[in-house]
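**Q** Below you will find the structure I want to go over with you.
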Amino acid sequence: MRMTVLASGSKGNATVIAAGSTRILVDAGMSCRELMKRMALVGEDPEALDAILITHEHVDHVAGLSVLARRLKIPVFLTEPTHRAWVRMLTPRTTMSYAKWLETVQREKQMRAEEAAVGMAGGLAGGLLEEQAAIIDDPAEPAPQASPRAVEAVPLKAKADPAALPAVEYFRAGHGFSIGEIDVNPFTIPHDAADPCGFVFHARSESLRMAIATDLGYVPPNVKMALRGVDVLLLESNHDLEMLKDGPYPWSVKQRVLSRVGHLSNAAAAEFLMRDYDGGAHTIVLGHLSEQNNLPELARLAAEQAIGARWSLLSNRVMLAAQDTPLEPICL
Ligand SMILES: [Zn+2]
Ligand SMILES: [Zn+2]
């Protein structure tokens, strides 16, 4: 079984998990071209990929998704809420004021009434209006409020569909499924996305487990449970608390990162490793390090101190995943 981190961090994430003849790309958070380049660098053949698996819809995890999936003609596995959020993100929108929106709705109503009056209801324009009404009625969209605020309007027809994928497969957190020779167990993580997940991958033929848990505000009990008995663990070690507090981010962003649905600090990752981790992993990869608010040495130091006496030549090797270059493949 093999884990190859192609990129990790807020500018893009992608990891290849391989076992037997199965290859899964977890997240496609860089351009298709960059992903192909990085796979070539580490000897992973893009044409051999069986599927793309998505943790959540943030752009650093999906930037190259549609182009890569269409190019390789492979299925994309994600949860339905993640898929819906991603499609919404890609749908071209224009922002208009509430007054303008009201005016448009009233004009359409008037047009509809006029058409009905001349017996054209159900014609082309009527059909389009119904289409837009359906979008406005979508419960996933916030209902327009009676106050002057900006509301979003969806154009009646998008030119091309940027969210087109060759095939989509839905999974649900807590419900395992298989891709080729790999069993995938998705688990819910606390993060400010529609339905974010981490994964445990199990190579059936080799009894090995590899896990990915990045983009989480803290480590809740279900994640602690999921990460038991893994052989390779890619764990978030996003920021040093002091560097974040003193760093350049505006206060609103600092609050988001620090929140229960933000990112895991070095200290929180270390606390997990000290208190809850079972000590059995061959390798721990620290990932999603902030370039602004962390230093690789700080992340490593915190993790190694937490692992303490359990560190040895045979287990608990600590590696650091980087943003700019792929990490050497971890083969078990
Ligand atoms: Zn991320
Ligand atoms: Zn995220």
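Quick note on naming: the chains in the structure tokens go A, B, ... in the order shown, residues restart at 1 in each chain, and ligands are numbered from 1 in order of appearance.
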Could you tell me, counting only C-alpha atoms and all ligand atoms, which protein and nucleic acid residues lie no more than 7 Å from ligand 1, written as a PDB file with C-alpha atoms, in the first residue's frame?

**A**
ATOM      1  CA  GLY A   9      -1.750  23.351   2.371  1.00  0.00           C
ATOM      2  CA  SER A  10      -4.151  26.205   1.782  1.00  0.00           C
ATOM      3  CA  ASN A  13      -4.265  19.523  -1.577  1.00  0.00           C
ATOM      4  CA  HIS A  58     -13.161  24.341  -0.479  1.00  0.00           C
ATOM      5  CA  ASP A  60      -7.851  24.175  -2.120  1.00  0.00           C
ATOM      6  CA  HIS A  61      -9.392  20.686  -2.465  1.00  0.00           C
ATOM      7  CA  ASP A 215      -9.223  20.601   7.730  1.00  0.00           C
ATOM      8  CA  HIS A 288      -2.000  21.440   5.716  1.00  0.00           C
TER       9      HIS A 288
END

**Q** Return as a ChimeraX atom specification every polymer residue, whether protein, DNA or RNA, with at least one atom no more than 12 Å from an atom of ligand 2; count only C-alpha atoms and all ligand atoms.

**A** /A:8-13,27,29,54-62,82,189-198,213-217,236,238,256-257,261-264,288

**Q** Can you measure atom CA of A:Pro162 to atom CA of A:Leu78 for me? One decimal in Å is fine.

**A** 17.0 Å

**Q** At what distance in Å, to one decimal, does atom CA of A:Asn185 lie from atom CA of A:Ala173?

**A** 7.6 Å

**Q** Neighbours of A:Leu273 within 9 Å (only C-alpha atoms; same-chain residues fewer than 4 positions away dropped), as a PyMOL selection string?

**A** chain A and resi 268-269+277-279+303+306-307

**Q** Any chance you can output those residues with C-alpha atoms as an mmCIF file, in the first residue's frame?

**A**
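This is the output file part.cif:
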data_model
loop_
_atom_site.group_PDB
_atom_site.id
_atom_site.type_symbol
_atom_site.label_atom_id
_atom_site.label_comp_id
_atom_site.auth_asym_id
_atom_site.auth_seq_id
_atom_site.Cartn_x
_atom_site.Cartn_y
_atom_site.Cartn_z
ATOM 1 C CA ALA A 268 -4.146 20.450 19.180
ATOM 2 C CA ALA A 269 -2.471 17.892 16.904
ATOM 3 C CA TYR A 277 -3.339 8.282 19.555
ATOM 4 C CA ASP A 278 -2.618 4.565 19.986
ATOM 5 C CA GLY A 279 1.065 4.816 18.995
ATOM 6 C CA ALA A 303 4.437 16.252 17.295
ATOM 7 C CA ALA A 306 3.949 14.508 22.030
ATOM 8 C CA ILE A 307 4.901 11.100 20.691
#

**Q** What's around A:His239 at 12 Å? Count only C-alpha atoms, leave out sequence neighbours fewer than 2 positions away in its own chain, and write the answer as a PyMOL selection string.

**A** chain A and resi 9-10+215+217+236-237+241-247+254+257-258+262-270+286-300+302

**Q** What are the closest atom pairs, with distances in Å to one decimal, for all residues of stretch 156-234 of chain A lying within 12 Å of stretch 314-322 of chain A? Consider only C-alpha atoms, order rows by chain and residue number, and present the result as JSON lines.

**A**
{"residue": "A:Thr214", "atom": "CA", "partner": "A:Ala321", "partner_atom": "CA", "distance": 11.6}
{"residue": "A:Val230", "atom": "CA", "partner": "A:Asn316", "partner_atom": "CA", "distance": 11.1}
{"residue": "A:Asp231", "atom": "CA", "partner": "A:Ser315", "partner_atom": "CA", "distance": 9.0}
{"residue": "A:Val232", "atom": "CA", "partner": "A:Asn316", "partner_atom": "CA", "distance": 8.9}
{"residue": "A:Leu233", "atom": "CA", "partner": "A:Asn316", "partner_atom": "CA", "distance": 9.6}
{"residue": "A:Leu234", "atom": "CA", "partner": "A:Ala321", "partner_atom": "CA", "distance": 8.5}

**Q** Would you please give, as a PyMOL selection string, all residues of stretch 80-298 of chain A that DSSP assigns to strand (DSSP E) based on the backbone?

**A** chain A and resi 94-96+151-153+168-170+177-179+182-188+197-203+208-213+232-236+283-287

**Q** Could you tell me how far atom CA of A:Phe177 sits from atom CA of A:Ser207, in Å to one decimal place?

**A**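 For atom CA of A:Ser207 relative to atom CA of A:Phe177, the distance reads 16.1 Å.
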
**Q** List the spatial neighbours of A:Leu68 as a PyMOL selection string - criterion: any atom at most 12 Å away, only C-alpha atoms, same-chain residues fewer than 6 positions off excluded.

**A** chain A and resi 25+27-36+46-47+49+51-52+62+74-76+163-166

**Q** Just to be explicit: take each residue in the selection above, keep C-alpha atoms, and write the result as an mmCIF file, in the first residue's frame.

**A**
data_model
loop_
_atom_site.group_PDB
_atom_site.id
_atom_site.type_symbol
_atom_site.label_atom_id
_atom_site.label_comp_id
_atom_site.auth_asym_id
_atom_site.auth_seq_id
_atom_site.Cartn_x
_atom_site.Cartn_y
_atom_site.Cartn_z
ATOM 1 C CA LEU A 25 -6.738 10.512 -5.920
ATOM 2 C CA ASP A 27 -8.788 15.819 -3.526
ATOM 3 C CA ALA A 28 -7.779 17.700 -6.660
ATOM 4 C CA GLY A 29 -6.922 21.098 -5.221
ATOM 5 C CA MET A 30 -4.563 22.316 -7.939
ATOM 6 C CA SER A 31 -4.878 22.865 -11.663
ATOM 7 C CA CYS A 32 -5.118 19.755 -13.798
ATOM 8 C CA ARG A 33 -1.761 20.588 -15.349
ATOM 9 C CA GLU A 34 -0.053 20.942 -11.954
ATOM 10 C CA LEU A 35 -1.588 17.703 -10.684
ATOM 11 C CA MET A 36 -0.377 15.839 -13.790
ATOM 12 C CA PRO A 46 -2.598 9.670 -14.024
ATOM 13 C CA GLU A 47 -4.105 7.255 -16.550
ATOM 14 C CA LEU A 49 -6.249 6.494 -11.480
ATOM 15 C CA ALA A 51 -11.410 7.514 -9.046
ATOM 16 C CA ILE A 52 -11.225 10.927 -7.422
ATOM 17 C CA VAL A 62 -11.329 20.968 -5.733
ATOM 18 C CA ILE A 74 -13.046 8.719 -14.100
ATOM 19 C CA PRO A 75 -15.801 8.861 -11.470
ATOM 20 C CA VAL A 76 -15.838 11.356 -8.629
ATOM 21 C CA ALA A 163 -19.634 21.359 -13.068
ATOM 22 C CA ALA A 164 -20.060 18.558 -15.595
ATOM 23 C CA LEU A 165 -18.393 15.332 -14.437
ATOM 24 C CA PRO A 166 -18.072 11.982 -16.237
#

**Q** Using only C-alpha atoms for the distances, tell me which of A:Val168, A:Asp276, A:Arg93, A:Thr104 is nearest to A:Ser66.

**A**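 Comparing A:Val168, A:Asp276, A:Arg93, A:Thr104 against A:Ser66, the winner is A:Val168.
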